[in-house]
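Notes for the one structure printed next.
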Number of protein chains: 4
Amino acid sequence: MLAIKLSNLLPSETIEEMNEKERKILEAAIEIFAEKGFFNSSTSEIAKKASVAEGTIFRYFKTKKDLLLSILKPTILKVIAPFEIDKFAKAVFHLEHKTFEDFLHAIIKNRLEMVKHMSPVFKIVVQELPFQEDVREQFKALFKEKLHPKISAVIEHFQEKGQICDMPTNTIIRLIITNVIGVVISSLIIGNSTASWNEEEEIQRTVKFIMNGLSPQ
Amino acid sequence: MLAIKLSNLLPSETIEEMNEKERKILEAAIEIFAEKGFFNSSTSEIAKKASVAEGTIFRYFKTKKDLLLSILKPTILKVIAPFEIDKFAKAVFHLEHKTFEDFLHAIIKNRLEMVKHMSPVFKIVVQELPFQEDVREQFKALFKEKLHPKISAVIEHFQEKGQICDMPTNTIIRLIITNVIGVVISSLIIGNSTASWNEEEEIQRTVKFIMNGLSPQ
Amino acid sequence: MLAIKLSNLLPSETIEEMNEKERKILEAAIEIFAEKGFFNSSTSEIAKKASVAEGTIFRYFKTKKDLLLSILKPTILKVIAPFEIDKFAKAVFHLEHKTFEDFLHAIIKNRLEMVKHMSPVFKIVVQELPFQEDVREQFKALFKEKLHPKISAVIEHFQEKGQICDMPTNTIIRLIITNVIGVVISSLIIGNSTASWNEEEEIQRTVKFIMNGLSPQ
Amino acid sequence: MLAIKLSNLLPSETIEEMNEKERKILEAAIEIFAEKGFFNSSTSEIAKKASVAEGTIFRYFKTKKDLLLSILKPTILKVIAPFEIDKFAKAVFHLEHKTFEDFLHAIIKNRLEMVKHMSPVFKIVVQELPFQEDVREQFKALFKEKLHPKISAVIEHFQEKGQICDMPTNTIIRLIITNVIGVVISSLIIGNSTASWNEEEEIQRTVKFIMNGLSPQ
DNA sequence: TATGAATGAGACTTCATTCAT
DNA sequence: TATGAATGAAGTCTCATTCAT
């Protein structure tokens, strides 16, 4: 029963304007949704774990689905947002000082860090995405508008500098994303159960693999 | 409304010992589970689509969950099995006539073909795996016992022939599986909605990417 | 706790194709709706009175409102229908043999008889009509299409024969309906609680009153 | 959204001893009960419309039902009261200057006027009376004690003057009330939706109808 | 006095499962 | 073997009412 800290999961402004009960409900919901899945969780169970009356849930969240979306939406924003605002974004804007290798390393570390901090919410996102078409669409739209152009620019930048081969940009993006997600999920699955998993080495190897895979010629 | 052929989804021995009704129930369940998810499907709807009485379902499958497992278990077997028995396995055993590139190409084509043939069942597997710990464990065990040794042998074979760099075998397996799954999922997500997706080219590029990524030096 | 006979309330064909449980549910619902009103009745109470499980109600009636409509709709049909099909209709079609007085007498007796036989259902209709706009509209439409033309014809027939004054037909209809409903409701309210109510005499007096009220000159 | 004036609906003494909040709650309740019916209205909606906190309602009215009764009881008083206190009552006490026709005309106009002024409250009364036995009983008692003797006196006065036939007084009262209510309800139902409704003419015709109906011989 | 957050009973409804036929 | 009517537990959600502030 891991203690969930909302501060790792939701934007801090959001949390500050929540009150005690609302926070406890959200925490309970995250824990239970992550454990049993949305459809297999009951509002009565969430209420019990949050130590509130069942009716109280519905004061703060119009419906059970609304409660789920209150978890999913900030999370997918958090998945997308960093590329725009945080340190990582700065790395992208100071490309001249960086090699493509630095870029890959940074992106993998950053995403791994994020997923580990919000592991239960991440689990919910992955579990529920197949059933929540609207969230999926919102995610796709954000990717297309915010993320894709940024990454494209980076790829093209390094292609111009001759650090990357000249495959189509979209294919390169696909390959990079595939391999970033690959390390992240491997870390979650293997890392937690296998002693021999050396995370830093696996990151290094993955970076090297991608570098070689995309090297010119 | 694609007509589902169980022969694409389940081992033929399994199908042969089923009777008419049982087969119709399974087909209906697959279609409905894939469309709405397990929890949002009702046994009455399955019975209607299968043209049997609701009670009949429970003659063949003890519970609704049992019906789900009757779909999941043979499917993960099918995902693992080919490496042992079908044409693909033969390719693995005649490695001396093949290059690593052929191996990669064959494995990607083969898995893509499989997923496309059993797309609804595959959808169910992906959706329900997070909630079915026992199935997941069974899958892990099968992987460890059957698949992993085979692939290890192949990797080591090509390493000995100098076609692959000498990263740890497990890391190489992880990278290959990541990228195979990556093409498959991309094909399902992008391929179905985007005109510009050229599957053969993407396979070629992925093979080349892995080849370069794993090339010695 | 009056024993309710559905045969007095619903068309017999309808009843014959009902089974035991459905009939018991309807009877219980009529009794409880009449006593407490639709919104103040719970499906659990109806189930208990009908000696069925609560879920059984929803096998026969999609929703609680559907259960109400299953009572209301045949009833308003029954209120309208007789003017088309039963003995009363024949009276209307053999006007040449009848006086206007006979007509009035027949209509009052007939409506009183009907309301007494279906008193609880009638109570539900009167109670719920203000809240069920769709039923109200259906009632208005039936009145306009089926009843109004028939009564108009009768009124005009007697006007031509010089038995009724030449007020506008609609006004005459309004006055007649008002006074028929007046006796009926008086009979229900006063008749049940007051010994001195002599129904036959009150009918006679009402007929005489209407006759005089509408007499030429 | 008609502005409701409590002064049209409740006795002025009652209103004067109310404070601001209580009055606003009552006004809001009347509007909402009339629109949606008692059971479909929520105290939270009433509180919102009255611009008070939900808890404030329960400071002035013990329960939601108490709030309903606070509307119903003064209203039925108002329906009965005028016969005792207002101008209309005076008309009754100066019968020698009036004909029976004047009496009928005055009573119809007066009741129509009243119902139109308090149309929402009237709607609530009609909708809820079937479910409020105590209010109904109170109404019956008031009718018997206050109204019935007055009307009886009038009827007998006109019978003595030979303007009315010698039917039993109660029957005459019943017929008059029936027809007064008949015009009022017709006016509400037909008058609001039909252009051709000429209220003054309909009143005249109704008066004439009753006059003829009750004329001696 | 006034508030409104919190409550929890109870409403309607769904559906996997049973069992008499 | 097959049926499908019946069940009743469990689910989501509403709302009148209370009470600490």
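Every chain in the structure tokens takes a letter, A first, then B, and so on in the order presented; its residues are numbered from 1, and the ligands are numbered from 1 following the presented order.
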
Contacts of chain E with chain D up to 12 Å, shortest pair per row, only C-alpha atoms (C1' of nucleotides), as a tab-separated table:
residue	atom	partner	partner_atom	distance
E:DT1	C1'	D:Thr56	CA	9.3
E:DA2	C1'	D:Thr56	CA	6.4
E:DT3	C1'	D:Ala53	CA	5.9
E:DG4	C1'	D:Ala53	CA	6.5
E:DA5	C1'	D:Gly55	CA	10.7

Now that the selection is made, can you save its residues with C-alpha atoms (C1' of nucleotides) as a PDB file, in the first residue's frame?
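Result written to selection-v8.pdb:
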ATOM      1  C1'  DT E   1     -28.919  34.206  12.319  1.00  0.00           C
ATOM      2  C1'  DA E   2     -27.006  32.003   8.134  1.00  0.00           C
ATOM      3  C1'  DT E   3     -24.126  28.959   5.824  1.00  0.00           C
ATOM      4  C1'  DG E   4     -22.991  24.982   2.923  1.00  0.00           C
ATOM      5  C1'  DA E   5     -20.155  20.824   3.454  1.00  0.00           C
TER       6       DA E   5
END

Polymer residues at most 10 Å from Thr63 in chain B, only C-alpha atoms (C1' of nucleotides), same-chain spacing of 6 or more positions, as an mmCIF file with N, CA and C atoms (P, O5', C5', C4', C3', O3' and C1' of nucleotides), in the first residue's frame:
data_model
loop_
_atom_site.group_PDB
_atom_site.id
_atom_site.type_symbol
_atom_site.label_atom_id
_atom_site.label_comp_id
_atom_site.auth_asym_id
_atom_site.auth_seq_id
_atom_site.Cartn_x
_atom_site.Cartn_y
_atom_site.Cartn_z
ATOM 1 N N THR B 43 -23.477 -10.791 -20.711
ATOM 2 C CA THR B 43 -23.663 -12.157 -21.200
ATOM 3 C C THR B 43 -24.942 -12.261 -22.036
ATOM 4 N N ILE B 57 -24.611 -20.353 -22.223
ATOM 5 C CA ILE B 57 -23.239 -19.881 -22.021
ATOM 6 C C ILE B 57 -22.634 -20.545 -20.794
ATOM 7 N N LEU B 69 -11.189 -15.964 -20.125
ATOM 8 C CA LEU B 69 -9.935 -16.723 -20.081
ATOM 9 C C LEU B 69 -9.857 -17.737 -21.214
ATOM 10 P P DA E 16 -23.222 -9.814 -17.166
ATOM 11 O "O5'" DA E 16 -22.572 -10.978 -16.294
ATOM 12 C "C5'" DA E 16 -21.842 -10.638 -15.129
ATOM 13 C "C4'" DA E 16 -22.153 -11.604 -14.006
ATOM 14 C "C3'" DA E 16 -21.903 -13.059 -14.335
ATOM 15 O "O3'" DA E 16 -21.405 -13.666 -13.141
ATOM 16 C "C1'" DA E 16 -24.196 -12.769 -13.817
ATOM 17 P P DT E 17 -20.826 -15.134 -13.227
ATOM 18 O "O5'" DT E 17 -22.086 -15.982 -12.752
ATOM 19 C "C5'" DT E 17 -22.614 -15.719 -11.455
ATOM 20 C "C4'" DT E 17 -23.931 -16.439 -11.279
ATOM 21 C "C3'" DT E 17 -23.968 -17.916 -11.702
ATOM 22 O "O3'" DT E 17 -24.206 -18.664 -10.520
ATOM 23 C "C1'" DT E 17 -25.922 -16.789 -12.348
#

Using only C-alpha atoms, find which residues of chain D lie within 8 Å of chain C and jot them down as a PyMOL selection string.
-> chain D and resi 36-37+39+127+130-131+167+171+174-175+178-179+182+186+202+205-206+208-215

Same residues, C-alpha atoms, output as a compact mmCIF listing (two decimals), in the first residue's frame:
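After the write, again-v6.txt holds the following:
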# COMPACT_ATOMS: atom_id res chain seq x y z
CA LYS D 36 -41.85 20.69 -11.94
CA GLY D 37 -44.15 19.36 -9.28
CA PHE D 39 -41.35 15.56 -5.97
CA GLN D 127 -51.46 18.85 -8.49
CA PRO D 130 -54.78 14.31 -4.36
CA PHE D 131 -51.77 13.45 -2.20
CA MET D 167 -84.47 21.37 -6.80
CA THR D 171 -77.96 19.69 -5.98
CA ARG D 174 -73.29 21.16 -6.93
CA LEU D 175 -74.45 22.19 -10.40
CA THR D 178 -69.47 22.32 -11.32
CA ASN D 179 -70.13 24.91 -13.96
CA GLY D 182 -65.88 24.23 -15.65
CA SER D 186 -61.73 25.66 -19.67
CA GLU D 202 -68.24 32.07 -22.80
CA ARG D 205 -73.27 31.62 -22.35
CA THR D 206 -72.44 29.74 -19.19
CA LYS D 208 -77.42 31.77 -19.56
CA PHE D 209 -77.06 27.99 -19.53
CA ILE D 210 -77.18 27.83 -15.75
CA MET D 211 -80.08 30.31 -15.62
CA ASN D 212 -82.10 28.21 -18.04
CA GLY D 213 -81.06 25.02 -16.36
CA LEU D 214 -82.31 26.23 -13.02
CA SER D 215 -85.29 28.27 -14.18

Neighbour list for range 140-152 of chain B as a count of residues only, cut-off 7 Å, only C-alpha atoms (C1' of nucleotides), skip fewer than 2 positions in-chain = 9

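Between CA of Val79 in chain B and CA of His105 in chain B there is a distance of 17.5 Å.
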
If we count only C-alpha atoms (C1' of nucleotides), what is near Leu72 in chain A at a cut-off of 9 Å, once residues fewer than 4 positions away on the same chain are taken out, given as a PyMOL selection string?
-> chain A and resi 67-68+76-77+121-122+124-125+128-129+135

Can I get the selected residues back with C-alpha atoms, as a PDB file, in the first residue's frame?
ATOM      1  CA  LEU A  67     -13.579  11.211 -11.211  1.00  0.00           C
ATOM      2  CA  LEU A  68     -11.572   9.112 -13.647  1.00  0.00           C
ATOM      3  CA  ILE A  76      -1.758  13.347 -20.040  1.00  0.00           C
ATOM      4  CA  LEU A  77      -1.162  17.068 -19.845  1.00  0.00           C
ATOM      5  CA  VAL A 121      -1.525   7.177 -12.338  1.00  0.00           C
ATOM      6  CA  PHE A 122       0.512   6.049 -15.272  1.00  0.00           C
ATOM      7  CA  ILE A 124      -4.407   3.962 -14.888  1.00  0.00           C
ATOM      8  CA  VAL A 125      -3.681   5.915 -18.048  1.00  0.00           C
ATOM      9  CA  GLU A 128      -7.987   3.012 -19.438  1.00  0.00           C
ATOM     10  CA  LEU A 129      -6.785   4.586 -22.649  1.00  0.00           C
ATOM     11  CA  VAL A 135      -9.144  11.062 -23.788  1.00  0.00           C
TER      12      VAL A 135
END

Length of the CA of Phe103 in chain C to CA of Thr75 in chain C vector [Å] = 23.5 Å

Per-residue nearest contacts of chain F to chain B (7 Å; only C-alpha atoms (C1' of nucleotides)) as JSON lines:
{"residue": "F:DA2", "atom": "C1'", "partner": "B:Thr56", "partner_atom": "CA", "distance": 6.4}
{"residue": "F:DT3", "atom": "C1'", "partner": "B:Ala53", "partner_atom": "CA", "distance": 5.9}
{"residue": "F:DG4", "atom": "C1'", "partner": "B:Ala53", "partner_atom": "CA", "distance": 6.5}

Would you output that residue set with C-alpha atoms (C1' of nucleotides), as a tab-separated table (two decimals), in the first residue's frame?
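Result file is result.tsv:
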chain	number	residue	atom	x	y	z
F	2	DA	C1'	-30.94	-26.27	-23.84
F	3	DT	C1'	-33.84	-22.79	-22.27
F	4	DG	C1'	-34.99	-18.23	-20.40

Looking at only C-alpha atoms, which of B:Lys98, B:Lys78, B:Lys49, B:Lys116 is the one that sits closest to Lys161 in chain B?
->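 Using only C-alpha atoms, Lys161 in chain B sits closest to B:Lys98.
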
So how many Å separate C1' of DT17 in chain F and C1' of DT7 in chain E, to one decimal?
->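 Value for the C1' of DT17 in chain F-C1' of DT7 in chain E distance: 8.8 Å.
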
Mind the document's chain letters and residue numbers, and return as a PyMOL selection string the residues of range 29-150 of chain B that DSSP labels helix (DSSP H, G or I).
-> chain B and resi 29-36+43-50+54-60+64-80+82-85+87-93+95-97+100-117+119-131+133-150
